[in-house]
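So this block is my_file-v6.txt, compact mmCIF, C-alpha atoms:
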# COMPACT_ATOMS: atom_id res chain seq x y z
CA MET J 1 2.42 29.15 -6.56
CA ALA J 2 5.48 27.07 -5.73
CA VAL J 3 7.69 26.82 -2.68
CA SER J 4 10.50 28.61 -4.42
CA ASP J 5 8.25 31.58 -5.20
CA ASN J 6 7.42 32.15 -1.58
CA PRO J 7 9.04 33.56 1.49
CA SER J 8 11.65 31.03 2.43
CA PHE J 9 10.72 28.18 4.70
CA ARG J 10 13.81 29.27 6.57
CA ALA J 11 11.79 32.24 7.71
CA LEU J 12 9.84 29.77 9.81
CA LYS J 13 12.83 29.64 12.10
CA ARG J 14 12.10 33.19 13.12
CA SER J 15 8.33 33.16 12.98
CA GLY J 16 7.78 29.67 14.37
CA ARG J 17 4.78 29.62 12.09
CA GLY J 18 4.17 27.66 8.94
CA ARG J 19 3.05 27.29 5.36
CA TYR J 20 0.18 25.57 3.64
CA LEU J 21 1.64 22.88 1.42
CA LYS J 22 -0.47 21.00 -1.13
CA ILE J 23 0.70 17.41 -1.43
CA GLY J 24 -1.44 15.56 -3.94
CA PRO J 25 -5.02 15.45 -2.68
CA PHE J 26 -4.14 16.88 0.73
CA VAL J 27 -3.27 20.30 2.07
CA PHE J 28 -0.92 20.25 5.03
CA PHE J 29 -0.19 23.20 7.23
CA VAL J 30 3.48 22.53 8.05
CA SER J 31 5.28 24.43 10.76
CA THR J 32 8.70 24.23 12.34
CA ASP J 33 11.08 26.37 14.34
CA ILE J 34 14.06 24.13 13.54
CA ALA J 35 16.18 25.85 10.90
CA PRO J 36 17.81 22.80 9.27
CA LEU J 37 14.39 21.16 8.93
CA ALA J 38 12.98 24.29 7.29
CA ALA J 39 15.88 24.20 4.84
CA SER J 40 15.24 20.53 4.06
CA ILE J 41 11.54 21.18 3.44
CA GLU J 42 12.45 24.02 1.12
CA LEU J 43 14.85 21.78 -0.78
CA LEU J 44 12.68 18.68 -1.03
CA TYR J 45 9.31 20.30 -1.69
CA GLU J 46 10.40 22.75 -4.34
CA GLY J 47 7.67 23.02 -6.97
CA PHE J 48 4.80 21.99 -4.70
CA ALA J 49 1.93 24.47 -4.35
CA VAL J 50 2.33 26.52 -1.19
CA TRP J 51 0.52 29.36 0.55
CA PRO J 52 1.69 31.60 3.38
CA ASP J 53 0.25 31.18 6.86
CA SER J 54 -1.61 34.45 6.45
CA SER J 55 -3.82 32.98 3.73
CA ASP J 56 -7.30 31.67 4.45
CA GLN J 57 -6.42 28.30 2.91
CA PHE J 58 -8.10 25.21 4.39
CA ALA J 59 -5.74 22.51 5.66
CA ASP J 60 -6.64 18.84 5.97
CA PHE J 61 -3.94 18.44 8.60
CA HIS J 62 -1.88 20.79 10.74
CA VAL J 63 1.50 19.18 11.37
CA GLY J 64 4.73 20.47 12.76
CA VAL J 65 8.07 19.47 14.19
CA HIS J 66 9.40 21.75 16.89
CA TRP J 67 12.04 21.89 19.53
CA ARG J 68 10.82 19.84 22.44
CA SER J 69 11.48 22.80 24.72
CA ARG J 70 13.38 26.06 24.50
CA LEU J 71 16.08 24.77 26.82
CA ARG J 72 16.29 21.29 25.32
CA ARG J 73 17.65 22.79 22.12
CA PHE J 74 20.93 23.46 23.93
CA VAL J 75 21.34 20.14 25.78
CA ARG J 76 20.98 16.95 23.75
CA PRO J 77 18.39 18.72 21.59
CA GLN J 78 15.19 16.91 20.79
CA ALA J 79 12.38 17.51 18.34
CA ILE J 80 8.77 16.47 18.61
CA PHE J 81 6.06 15.91 16.00
CA GLU J 82 2.67 17.49 16.37
CA LEU J 83 -0.61 16.82 14.60
CA ASP J 84 -3.51 19.15 15.23
CA GLY J 85 -2.15 20.06 18.63
CA ILE J 86 -1.37 16.55 19.88
CA HIS J 87 1.98 14.77 20.14
CA PRO J 88 1.36 11.18 19.02
CA PHE J 89 5.02 10.10 19.17
CA LEU J 90 7.91 10.33 21.56
CA PRO J 91 10.52 12.98 20.74
CA LEU J 92 13.63 12.14 18.73
CA ALA J 93 17.08 13.66 18.53
CA ALA J 94 16.78 16.97 16.70
CA GLY J 95 19.01 15.64 13.92
CA GLN J 96 16.16 13.32 13.00
CA ALA J 97 13.59 16.10 12.65
CA LEU J 98 13.11 15.49 8.92
CA LEU J 99 12.61 11.76 9.50
CA MET J 100 10.06 12.64 12.14
CA LEU J 101 8.19 15.03 9.85
CA GLU J 102 8.13 12.61 6.90
CA GLY J 103 7.16 9.64 9.07
CA GLY J 104 4.60 11.75 10.88
CA MET J 105 3.05 12.86 7.60
CA ASN J 106 2.91 9.25 6.40
CA TRP J 107 1.15 8.28 9.59
CA THR J 108 -1.18 11.28 9.38
CA ILE J 109 -2.36 10.29 5.92
CA ALA J 110 -2.54 6.57 6.58
CA ALA J 111 -4.43 6.89 9.85
CA HIS J 112 -6.77 9.72 9.01
CA THR J 113 -7.88 9.88 5.41
CA PRO J 114 -11.42 8.66 4.79
CA PHE J 115 -11.07 9.10 1.04
CA PHE J 116 -8.58 6.40 0.06
CA LEU J 117 -7.53 2.90 0.85
CA VAL J 118 -3.91 3.48 1.85
CA LEU J 119 -1.37 0.77 1.07
CA HIS J 120 2.24 0.64 2.16
CA ALA J 121 3.55 0.57 -1.38
CA GLY J 122 5.56 2.46 -3.93
CA VAL J 123 3.79 3.50 -7.12
CA VAL J 124 5.30 4.56 -10.44
CA GLU J 125 3.54 5.41 -13.68
CA ARG J 126 4.08 5.43 -17.42
CA ASN J 127 1.46 6.37 -20.03
CA GLY J 128 -1.27 6.54 -17.43
CA ARG J 129 -0.72 3.00 -16.10
CA ALA J 130 0.94 2.22 -12.80
CA ILE J 131 3.10 -0.41 -11.17
CA VAL J 132 2.25 -0.93 -7.51
CA LEU J 133 5.18 -2.10 -5.37
CA PRO J 134 3.91 -3.26 -1.98
CA ALA J 135 6.51 -4.65 0.37
CA PRO J 136 7.64 -4.59 3.97
CA PRO J 137 10.66 -2.54 5.04
CA GLY J 138 13.96 -3.99 3.91
CA SER J 139 12.57 -5.46 0.71
CA GLY J 140 14.28 -2.99 -1.61
CA LYS J 141 11.00 -1.30 -2.52
CA SER J 142 12.27 2.26 -2.19
CA THR J 143 15.50 1.48 -4.00
CA LEU J 144 13.64 -0.09 -6.90
CA CYS J 145 11.14 2.75 -6.90
CA ALA J 146 13.93 5.35 -6.99
CA ALA J 147 15.76 3.49 -9.76
CA LEU J 148 12.57 3.30 -11.85
CA VAL J 149 12.02 7.02 -11.33
CA GLN J 150 15.58 7.70 -12.44
CA ARG J 151 14.74 5.71 -15.59
CA GLY J 152 11.95 8.17 -16.37
CA TRP J 153 8.96 6.60 -14.63
CA ARG J 154 6.74 9.17 -12.95
CA LEU J 155 6.78 8.98 -9.17
CA LEU J 156 3.36 8.75 -7.57
CA SER J 157 4.65 7.67 -4.20
CA ASP J 158 7.49 5.87 -2.51
CA GLU J 159 5.61 4.86 0.64
CA LEU J 160 1.85 5.28 0.33
CA ALA J 161 -0.39 4.10 -2.48
CA LEU J 162 -3.68 6.02 -2.39
CA LEU J 163 -6.38 3.89 -3.98
CA SER J 164 -9.70 5.58 -4.71
CA PHE J 165 -12.77 3.52 -3.96
CA GLU J 166 -14.96 4.26 -6.93
CA ALA J 167 -12.63 4.97 -9.85
CA GLY J 168 -9.97 2.48 -8.76
CA THR J 169 -7.27 4.99 -9.62
CA LEU J 170 -4.10 5.77 -7.70
CA SER J 171 -3.46 9.35 -6.64
CA ALA J 172 -0.01 10.88 -6.52
CA LEU J 173 1.82 12.32 -3.55
CA ALA J 174 5.24 12.62 -5.25
CA ARG J 175 6.93 13.18 -1.90
CA PRO J 176 10.65 12.63 -1.33
CA ILE J 177 11.88 9.03 -1.57
CA SER J 178 13.28 7.65 1.64
CA LEU J 179 16.50 5.70 1.04
CA LYS J 180 18.29 3.64 3.65
CA ASN J 181 21.86 2.54 4.21
CA GLU J 182 23.53 1.05 1.09
CA SER J 183 20.69 2.30 -1.11
CA ILE J 184 21.80 5.88 -0.57
CA ASP J 185 25.12 5.35 -2.36
CA ILE J 186 23.60 3.02 -4.94
CA ILE J 187 21.04 5.60 -6.05
CA GLN J 188 23.52 8.48 -5.86
CA ARG J 189 25.97 6.57 -8.07
CA ARG J 190 23.29 5.76 -10.63
CA ALA J 191 22.35 9.43 -11.03
CA PRO J 192 25.06 11.70 -9.67
CA GLY J 193 22.90 14.76 -10.41
CA SER J 194 20.15 13.59 -8.05
CA VAL J 195 19.35 15.96 -5.22
CA MET J 196 19.41 14.23 -1.87
CA THR J 197 19.65 15.31 1.75
CA ALA J 198 22.69 14.39 3.80
CA PRO J 199 22.18 11.01 5.47
CA ILE J 200 20.51 11.09 8.86
CA SER J 201 22.43 8.67 11.02
CA ASP J 202 21.54 6.43 13.96
CA THR J 203 17.85 6.13 13.14
CA VAL J 204 15.96 2.92 13.90
CA LYS J 205 16.40 2.09 10.21
CA GLY J 206 20.10 2.93 10.13
CA ASN J 207 21.13 5.82 7.88
CA VAL J 208 18.31 7.52 6.01
CA ALA J 209 18.48 10.11 3.23
CA TYR J 210 15.68 11.69 1.23
CA LEU J 211 15.78 11.93 -2.55
CA LYS J 212 14.09 14.97 -4.02
CA PRO J 213 11.22 14.00 -6.33
CA PRO J 214 11.69 14.80 -10.03
CA ARG J 215 10.27 18.12 -11.19
CA GLU J 216 8.00 16.42 -13.73
CA SER J 217 6.45 14.15 -11.10
CA VAL J 218 5.66 17.18 -8.96
CA ALA J 219 4.26 19.12 -11.92
CA ARG J 220 1.92 16.22 -12.78
CA ILE J 221 0.92 15.50 -9.19
CA ALA J 222 -2.78 16.00 -9.91
CA GLU J 223 -2.85 13.22 -12.52
CA PRO J 224 -4.03 9.86 -11.17
CA ALA J 225 -3.06 6.56 -12.77
CA LEU J 226 -4.78 3.25 -13.36
CA PRO J 227 -3.01 0.28 -11.79
CA ALA J 228 -1.70 -2.27 -14.30
CA LEU J 229 0.83 -4.35 -12.39
CA VAL J 230 1.39 -5.42 -8.81
CA VAL J 231 5.01 -6.41 -8.24
CA ILE J 232 6.01 -7.58 -4.79
CA PRO J 233 9.77 -7.05 -4.62
CA LYS J 234 12.23 -8.82 -2.39
CA TYR J 235 15.87 -7.88 -2.44
CA LEU J 236 18.10 -10.90 -1.75
CA ARG J 237 21.77 -10.30 -1.15
CA ASP J 238 22.62 -13.75 -2.49
CA GLY J 239 19.63 -14.01 -4.79
CA PRO J 240 19.23 -14.08 -8.56
CA GLY J 241 19.93 -11.03 -10.73
CA ALA J 242 16.19 -10.68 -11.11
CA LEU J 243 13.51 -13.32 -11.23
CA ILE J 244 9.90 -12.31 -11.79
CA GLU J 245 7.18 -14.92 -11.41
CA PRO J 246 3.39 -14.73 -11.63
CA LYS J 247 1.68 -14.65 -8.26
CA SER J 248 -1.83 -15.91 -7.64
CA LYS J 249 -4.46 -13.24 -7.26
CA PRO J 250 -5.75 -14.51 -3.90
CA GLU J 251 -2.20 -14.45 -2.49
CA THR J 252 -1.63 -11.00 -3.97
CA PHE J 253 -4.87 -9.76 -2.42
CA LYS J 254 -3.78 -11.05 0.98
CA GLU J 255 -0.41 -9.32 0.76
CA LEU J 256 -2.05 -6.07 -0.30
CA ALA J 257 -4.61 -6.31 2.50
CA ASP J 258 -1.79 -6.92 4.98
CA SER J 259 0.00 -3.86 3.63
CA ALA J 260 -3.08 -1.63 3.86
CA TYR J 261 -3.10 0.70 6.84
CA ASN J 262 -6.84 1.19 6.91
CA PHE J 263 -8.35 -1.89 5.23
CA GLY J 264 -10.28 -2.79 8.38
CA LEU J 265 -11.98 0.60 8.53
CA PHE J 266 -13.85 0.37 5.27
CA GLY J 267 -15.45 -3.06 5.45
CA ARG J 268 -16.96 -4.31 2.22
CA ARG J 269 -16.02 -1.10 0.41
CA GLY J 270 -12.35 -1.74 1.13
CA PHE J 271 -12.67 -5.38 0.08
CA GLU J 272 -14.28 -4.42 -3.23
CA ALA J 273 -11.73 -1.69 -3.93
CA LEU J 274 -8.79 -3.99 -3.30
CA ALA J 275 -10.38 -6.87 -5.21
CA ASN J 276 -10.97 -4.53 -8.17
CA LEU J 277 -7.31 -3.53 -8.10
CA VAL J 278 -6.21 -7.17 -8.11
CA ASP J 279 -8.72 -7.95 -10.85
CA ARG J 280 -7.31 -5.36 -13.21
CA CYS J 281 -3.63 -6.06 -12.50
CA ALA J 282 -1.15 -8.70 -13.52
CA CYS J 283 0.50 -9.84 -10.29
CA TYR J 284 4.10 -10.89 -9.74
CA ASP J 285 6.71 -11.76 -7.15
CA LEU J 286 10.12 -10.27 -7.89
CA ARG J 287 13.31 -11.51 -6.29
CA PHE J 288 16.32 -9.47 -7.20
CA ASN J 289 19.90 -8.71 -6.51
CA ASN J 290 20.64 -6.54 -9.53
CA LEU J 291 18.72 -3.30 -10.01
CA ASP J 292 19.19 -3.06 -13.78
CA GLU J 293 17.88 -6.57 -14.26
CA ALA J 294 15.00 -5.89 -11.88
CA ILE J 295 14.03 -2.80 -13.87
CA ALA J 296 14.27 -4.74 -17.13
CA VAL J 297 11.96 -7.56 -15.99
CA CYS J 298 9.48 -5.07 -14.52
CA GLU J 299 9.39 -3.10 -17.75
CA THR J 300 8.93 -6.25 -19.82
CA ALA J 301 6.07 -7.47 -17.63
CA PHE J 302 4.53 -4.00 -17.70
CA GLY J 303 4.80 -3.78 -21.50
CA GLU J 304 3.23 -7.20 -21.97
CA THR J 305 0.38 -6.40 -19.60
CA VAL J 306 -0.41 -3.03 -21.08
CA SER J 307 -0.28 -4.32 -24.64
CA ARG J 308 -2.62 -7.20 -23.69
CA THR J 309 -5.02 -4.71 -22.15
CA VAL J 310 -4.94 -2.51 -25.22
CA ALA J 311 -5.40 -5.47 -27.58
CA MET M 312 -18.57 -37.93 13.68
CA ALA M 313 -21.70 -37.82 11.58
CA GLY M 314 -22.47 -40.96 9.61
CA ALA M 315 -24.35 -42.01 6.50
CA GLY M 316 -27.63 -40.97 8.10
CA ASP M 317 -26.88 -37.30 7.62
CA LEU M 318 -26.34 -37.53 3.86
CA ASP M 319 -29.72 -35.91 3.29
CA ARG M 320 -29.09 -33.02 5.65
CA MET M 321 -29.47 -29.77 3.74
CA TRP M 322 -26.88 -27.00 3.84
CA THR M 323 -27.37 -23.36 3.02
CA ILE M 324 -25.48 -20.05 3.13
CA GLU M 325 -25.96 -18.62 6.62
CA ALA M 326 -26.21 -14.93 5.70
CA PRO M 327 -25.76 -14.37 1.97
CA GLN M 328 -26.42 -10.64 2.24
CA ALA M 329 -23.42 -10.32 4.58
CA LEU M 330 -20.97 -11.83 2.12
CA ALA M 331 -18.99 -10.41 -0.77
CA TRP M 332 -16.61 -12.58 -2.73
CA ARG M 333 -14.24 -12.69 -5.64
CA SER M 334 -13.25 -15.82 -7.54
CA TRP M 335 -9.83 -16.22 -9.14
CA ASP M 336 -8.52 -19.43 -10.72
CA GLY M 337 -11.10 -21.52 -8.90
CA GLU M 338 -10.22 -20.09 -5.50
CA ILE M 339 -12.40 -17.60 -3.66
CA LEU M 340 -11.76 -14.74 -1.29
CA LEU M 341 -14.82 -14.19 0.83
CA TYR M 342 -15.52 -11.07 2.86
CA ASP M 343 -17.93 -11.24 5.79
CA ASP M 344 -19.62 -7.99 6.81
CA ARG M 345 -20.49 -9.39 10.22
CA THR M 346 -16.89 -9.92 11.29
CA GLY M 347 -14.78 -7.98 8.78
CA ASP M 348 -12.88 -11.22 8.15
CA VAL M 349 -11.65 -12.31 4.73
CA HIS M 350 -11.62 -16.07 4.19
CA HIS M 351 -9.52 -17.75 1.52
CA LEU M 352 -11.35 -20.75 0.10
CA ASP M 353 -9.22 -23.25 -1.79
CA VAL M 354 -10.53 -24.94 -4.91
CA ALA M 355 -12.48 -27.66 -3.04
CA SER M 356 -13.98 -25.25 -0.50
CA ALA M 357 -14.83 -22.80 -3.28
CA ALA M 358 -16.61 -25.57 -5.21
CA ILE M 359 -18.76 -26.38 -2.18
CA PHE M 360 -19.45 -22.72 -1.44
CA GLU M 361 -20.56 -22.09 -5.01
CA SER M 362 -22.81 -25.16 -4.97
CA VAL M 363 -24.53 -24.05 -1.78
CA LEU M 364 -24.80 -20.55 -3.17
CA THR M 365 -27.21 -21.73 -5.84
CA GLY M 366 -29.63 -22.99 -3.18
CA PRO M 367 -29.83 -25.45 -0.27
CA ARG M 368 -27.87 -28.64 -1.04
CA SER M 369 -27.76 -31.98 0.69
CA LEU M 370 -24.49 -33.48 1.77
CA ARG M 371 -25.09 -36.20 -0.80
CA ASP M 372 -25.46 -33.54 -3.55
CA LEU M 373 -22.37 -31.73 -2.40
CA VAL M 374 -20.22 -34.84 -2.49
CA ALA M 375 -21.44 -35.56 -6.02
CA SER M 376 -21.00 -31.99 -7.31
CA THR M 377 -17.56 -31.73 -5.74
CA ALA M 378 -16.53 -35.00 -7.41
CA ASP M 379 -17.69 -33.57 -10.75
CA ARG M 380 -15.98 -30.26 -10.20
CA LEU M 381 -12.66 -31.75 -9.10
CA GLU M 382 -12.95 -34.67 -11.55
CA VAL M 383 -12.40 -37.30 -8.88
CA VAL M 384 -14.30 -40.44 -7.91
CA THR M 385 -16.88 -40.39 -5.15
CA ASP M 386 -15.41 -42.37 -2.29
CA SER M 387 -15.11 -42.25 1.47
CA GLU M 388 -12.08 -39.97 1.27
CA LEU M 389 -14.03 -37.37 -0.71
CA ASP M 390 -17.01 -37.81 1.61
CA GLY M 391 -14.73 -37.10 4.58
CA MET M 392 -13.21 -34.08 2.86
CA VAL M 393 -16.60 -32.54 2.09
CA ARG M 394 -17.72 -33.08 5.67
CA GLU M 395 -14.55 -31.44 6.96
CA ILE M 396 -14.99 -28.44 4.65
CA LEU M 397 -18.60 -28.04 5.77
CA ARG M 398 -17.44 -28.21 9.38
CA VAL M 399 -14.87 -25.45 8.79
CA LEU M 400 -17.25 -23.29 6.74
CA SER M 401 -19.97 -23.61 9.36
CA GLN M 402 -17.46 -22.74 12.08
CA LYS M 403 -16.75 -19.56 10.10
CA ARG M 404 -20.53 -19.04 9.84
CA VAL M 405 -20.38 -19.16 6.05
CA VAL M 406 -22.71 -22.17 5.72
CA ALA M 407 -25.26 -23.62 8.12
CA PRO M 408 -27.65 -26.55 8.19
CA ALA M 409 -30.84 -25.48 6.45
CA PRO M 410 -33.73 -24.98 8.86

Here is a file; write its structure as structure tokens.
Amino acid sequence: MAVSDNPSFRALKRSGRGRYLKIGPFVFFVSTDIAPLAASIELLYEGFAVWPDSSDQFADFHVGVHWRSRLRRFVRPQAIFELDGIHPFLPLAAGQALLMLEGGMNWTIAAHTPFFLVLHAGVVERNGRAIVLPAPPGSGKSTLCAALVQRGWRLLSDELALLSFEAGTLSALARPISLKNESIDIIQRRAPGSVMTAPISDTVKGNVAYLKPPRESVARIAEPALPALVVIPKYLRDGPGALIEPKSKPETFKELADSAYNFGLFGRRGFEALANLVDRCACYDLRFNNLDEAIAVCETAFGETVSRTVA
Amino acid sequence: MAGAGDLDRMWTIEAPQALAWRSWDGEILLYDDRTGDVHHLDVASAAIFESVLTGPRSLRDLVASTADRLEVVTDSELDGMVREILRVLSQKRVVAPAP
């Protein structure tokens, strides 16, 4: 059952209740009483499996973004994120409700799942093999990820790589891609048909817009992928078009461990899982200024790696 | 600083069961269950760690095996380097003087 087949998320405005939403390996119960947020959820999560709040579905997490108070919605309105009845973050302006929900869901997964090592990384897939793109904010990771997806790569995730401990596979979330500032126009220009929310302004990251995930990525959300390449991107305004260089495995491991939200929780199991990922991947640093060139060098490196593996 | 008299002192891995490691291009990443720390051993440190891993080794042995591994001559500079690496590895509780 998909979002579009169900009573509209807009109905949540009236009921103040929610829906069960299956996002990759997790089921979220998502609730809101903020109408524009309900509309954004309906837009961005079209095609995801969903159940009404009257179902007896189990949820891994109950999250919601609600008006901070009934009166505050009329005077400098604020919204607040809730997880399982607690408010872990300060409220934000109501116009940032979607940012709060998406960020809150990222945090919920990263801080609470015992089933995956969670890396701050984009992941895209082709023919069952994945490129992992770990990088700090401002590196161009989401822009590159979005551009690869527009080229036909399957989106597993823009923000969170879910690495399984035993199989070493990466699970998909296929959630909306968060684009910031100049990247919003860049990605919109590259694919004018892309569906994107209006930019949310004045956030701590500047302007933020969410790109709807491709239908095919959502339809194939249950398919994991084996990692083949780790590419650590760095956008440089005055840098080369695109320069990709091999990176040592120990240095790659350290960057991945630094990018993992929960590496410290799993001890030796986490070390082995991450080391196995590095073992099976070709590892690169990518400095880029030009998206087309960056895509080309990534695809070349990916093709060489996969063909070596097959041979 | 220790002198020539300690060349026969034996070194061993302090708690092998607590360690997990992965070797890439001669370097090693070493995970320690006791602390949750990951140590990055460069080529010289990795060579010494791997020598001690095979069983207790004297400082004299370690200087010789490191010279072989790195293809350098055995001299006072190498001797000093091996001593320094042992000092650092013992500070991290990776190696310890054998009882």

With the cut-off set at 12 Å and counting only C-alpha atoms, tabulate each residue of chain J with an atom at most that distance from an atom of chain M, showing the nearest atom pair and its distance in Å to one decimal, ordered by chain and increasing number, as JSON lines.
{"residue": "J:Lys247", "atom": "CA", "partner": "M:Asp336", "partner_atom": "CA", "distance": 11.5}
{"residue": "J:Ser248", "atom": "CA", "partner": "M:Trp335", "partner_atom": "CA", "distance": 8.1}
{"residue": "J:Lys249", "atom": "CA", "partner": "M:Trp335", "partner_atom": "CA", "distance": 6.4}
{"residue": "J:Pro250", "atom": "CA", "partner": "M:Leu340", "partner_atom": "CA", "distance": 6.6}
{"residue": "J:Glu251", "atom": "CA", "partner": "M:His351", "partner_atom": "CA", "distance": 9.0}
{"residue": "J:Thr252", "atom": "CA", "partner": "M:Trp335", "partner_atom": "CA", "distance": 11.0}
{"residue": "J:Phe253", "atom": "CA", "partner": "M:Leu340", "partner_atom": "CA", "distance": 8.6}
{"residue": "J:Lys254", "atom": "CA", "partner": "M:Val349", "partner_atom": "CA", "distance": 8.8}
{"residue": "J:Ala257", "atom": "CA", "partner": "M:Val349", "partner_atom": "CA", "distance": 9.5}
{"residue": "J:Asp258", "atom": "CA", "partner": "M:Val349", "partner_atom": "CA", "distance": 11.2}
{"residue": "J:Phe263", "atom": "CA", "partner": "M:Gly347", "partner_atom": "CA", "distance": 9.5}
{"residue": "J:Gly264", "atom": "CA", "partner": "M:Gly347", "partner_atom": "CA", "distance": 6.9}
{"residue": "J:Leu265", "atom": "CA", "partner": "M:Gly347", "partner_atom": "CA", "distance": 9.0}
{"residue": "J:Phe266", "atom": "CA", "partner": "M:Gly347", "partner_atom": "CA", "distance": 9.1}
{"residue": "J:Gly267", "atom": "CA", "partner": "M:Gly347", "partner_atom": "CA", "distance": 6.0}
{"residue": "J:Arg268", "atom": "CA", "partner": "M:Asp344", "partner_atom": "CA", "distance": 6.5}
{"residue": "J:Arg269", "atom": "CA", "partner": "M:Ala331", "partner_atom": "CA", "distance": 9.8}
{"residue": "J:Gly270", "atom": "CA", "partner": "M:Tyr342", "partner_atom": "CA", "distance": 10.0}
{"residue": "J:Phe271", "atom": "CA", "partner": "M:Tyr342", "partner_atom": "CA", "distance": 6.9}
{"residue": "J:Glu272", "atom": "CA", "partner": "M:Ala331", "partner_atom": "CA", "distance": 8.0}
{"residue": "J:Ala273", "atom": "CA", "partner": "M:Arg333", "partner_atom": "CA", "distance": 11.4}
{"residue": "J:Leu274", "atom": "CA", "partner": "M:Arg333", "partner_atom": "CA", "distance": 10.5}
{"residue": "J:Ala275", "atom": "CA", "partner": "M:Arg333", "partner_atom": "CA", "distance": 7.0}
{"residue": "J:Asn276", "atom": "CA", "partner": "M:Arg333", "partner_atom": "CA", "distance": 9.1}
{"residue": "J:Leu277", "atom": "CA", "partner": "M:Arg333", "partner_atom": "CA", "distance": 11.7}
{"residue": "J:Val278", "atom": "CA", "partner": "M:Trp335", "partner_atom": "CA", "distance": 9.8}
{"residue": "J:Asp279", "atom": "CA", "partner": "M:Trp335", "partner_atom": "CA", "distance": 8.5}
{"residue": "J:Arg280", "atom": "CA", "partner": "M:Trp335", "partner_atom": "CA", "distance": 11.9}

Taking (-27.0, -26.0, 4.2) in the file's coordinates as the center, which residues reach within 6 Å of it, counting only C-alpha atoms, put as a ChimeraX atom specification? /M:321-323,367-368,406-409

Limited to C-alpha atoms, could you put the picked residues into a file as a PDB file, in the frame of the given file?
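And here is the file that came out, again_4.pdb:
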ATOM      1  CA  MET M 321     -29.470 -29.770   3.740  1.00  0.00           C
ATOM      2  CA  TRP M 322     -26.880 -27.000   3.840  1.00  0.00           C
ATOM      3  CA  THR M 323     -27.370 -23.360   3.020  1.00  0.00           C
ATOM      4  CA  PRO M 367     -29.830 -25.450  -0.270  1.00  0.00           C
ATOM      5  CA  ARG M 368     -27.870 -28.640  -1.040  1.00  0.00           C
ATOM      6  CA  VAL M 406     -22.710 -22.170   5.720  1.00  0.00           C
ATOM      7  CA  ALA M 407     -25.260 -23.620   8.120  1.00  0.00           C
ATOM      8  CA  PRO M 408     -27.650 -26.550   8.190  1.00  0.00           C
ATOM      9  CA  ALA M 409     -30.840 -25.480   6.450  1.00  0.00           C
TER      10      ALA M 409
END

Residues within 12 Å of (2.6, 13.7, 14.9), file coords, only C-alpha atoms, listed as a PyMOL selection string: chain J and resi 30-31+61-66+79-92+97+99-109+111-112

C-alpha atoms of the current selection, written as a compact mmCIF listing (two decimals), in the coordinates of the input:
# COMPACT_ATOMS: atom_id res chain seq x y z
CA VAL J 30 3.48 22.53 8.05
CA SER J 31 5.28 24.43 10.76
CA PHE J 61 -3.94 18.44 8.60
CA HIS J 62 -1.88 20.79 10.74
CA VAL J 63 1.50 19.18 11.37
CA GLY J 64 4.73 20.47 12.76
CA VAL J 65 8.07 19.47 14.19
CA HIS J 66 9.40 21.75 16.89
CA ALA J 79 12.38 17.51 18.34
CA ILE J 80 8.77 16.47 18.61
CA PHE J 81 6.06 15.91 16.00
CA GLU J 82 2.67 17.49 16.37
CA LEU J 83 -0.61 16.82 14.60
CA ASP J 84 -3.51 19.15 15.23
CA GLY J 85 -2.15 20.06 18.63
CA ILE J 86 -1.37 16.55 19.88
CA HIS J 87 1.98 14.77 20.14
CA PRO J 88 1.36 11.18 19.02
CA PHE J 89 5.02 10.10 19.17
CA LEU J 90 7.91 10.33 21.56
CA PRO J 91 10.52 12.98 20.74
CA LEU J 92 13.63 12.14 18.73
CA ALA J 97 13.59 16.10 12.65
CA LEU J 99 12.61 11.76 9.50
CA MET J 100 10.06 12.64 12.14
CA LEU J 101 8.19 15.03 9.85
CA GLU J 102 8.13 12.61 6.90
CA GLY J 103 7.16 9.64 9.07
CA GLY J 104 4.60 11.75 10.88
CA MET J 105 3.05 12.86 7.60
CA ASN J 106 2.91 9.25 6.40
CA TRP J 107 1.15 8.28 9.59
CA THR J 108 -1.18 11.28 9.38
CA ILE J 109 -2.36 10.29 5.92
CA ALA J 111 -4.43 6.89 9.85
CA HIS J 112 -6.77 9.72 9.01

Show which residues sit within 7 Å of Gly206 (chain J), as JSON, numbers by chain. Count all atoms listed in the file, and ignore same-chain residues fewer than 4 positions away. {"J": [180, 181, 201, 202]}

Would you kindly return, as number ranges by chain, each protein, DNA or RNA residue with an atom no farther than 10 Å from any atom of Phe29 (chain J), considering all atoms listed in the file and excluding same-chain residues fewer than 6 positions away? J: 17-22, 50-53, 57-64, 83-84
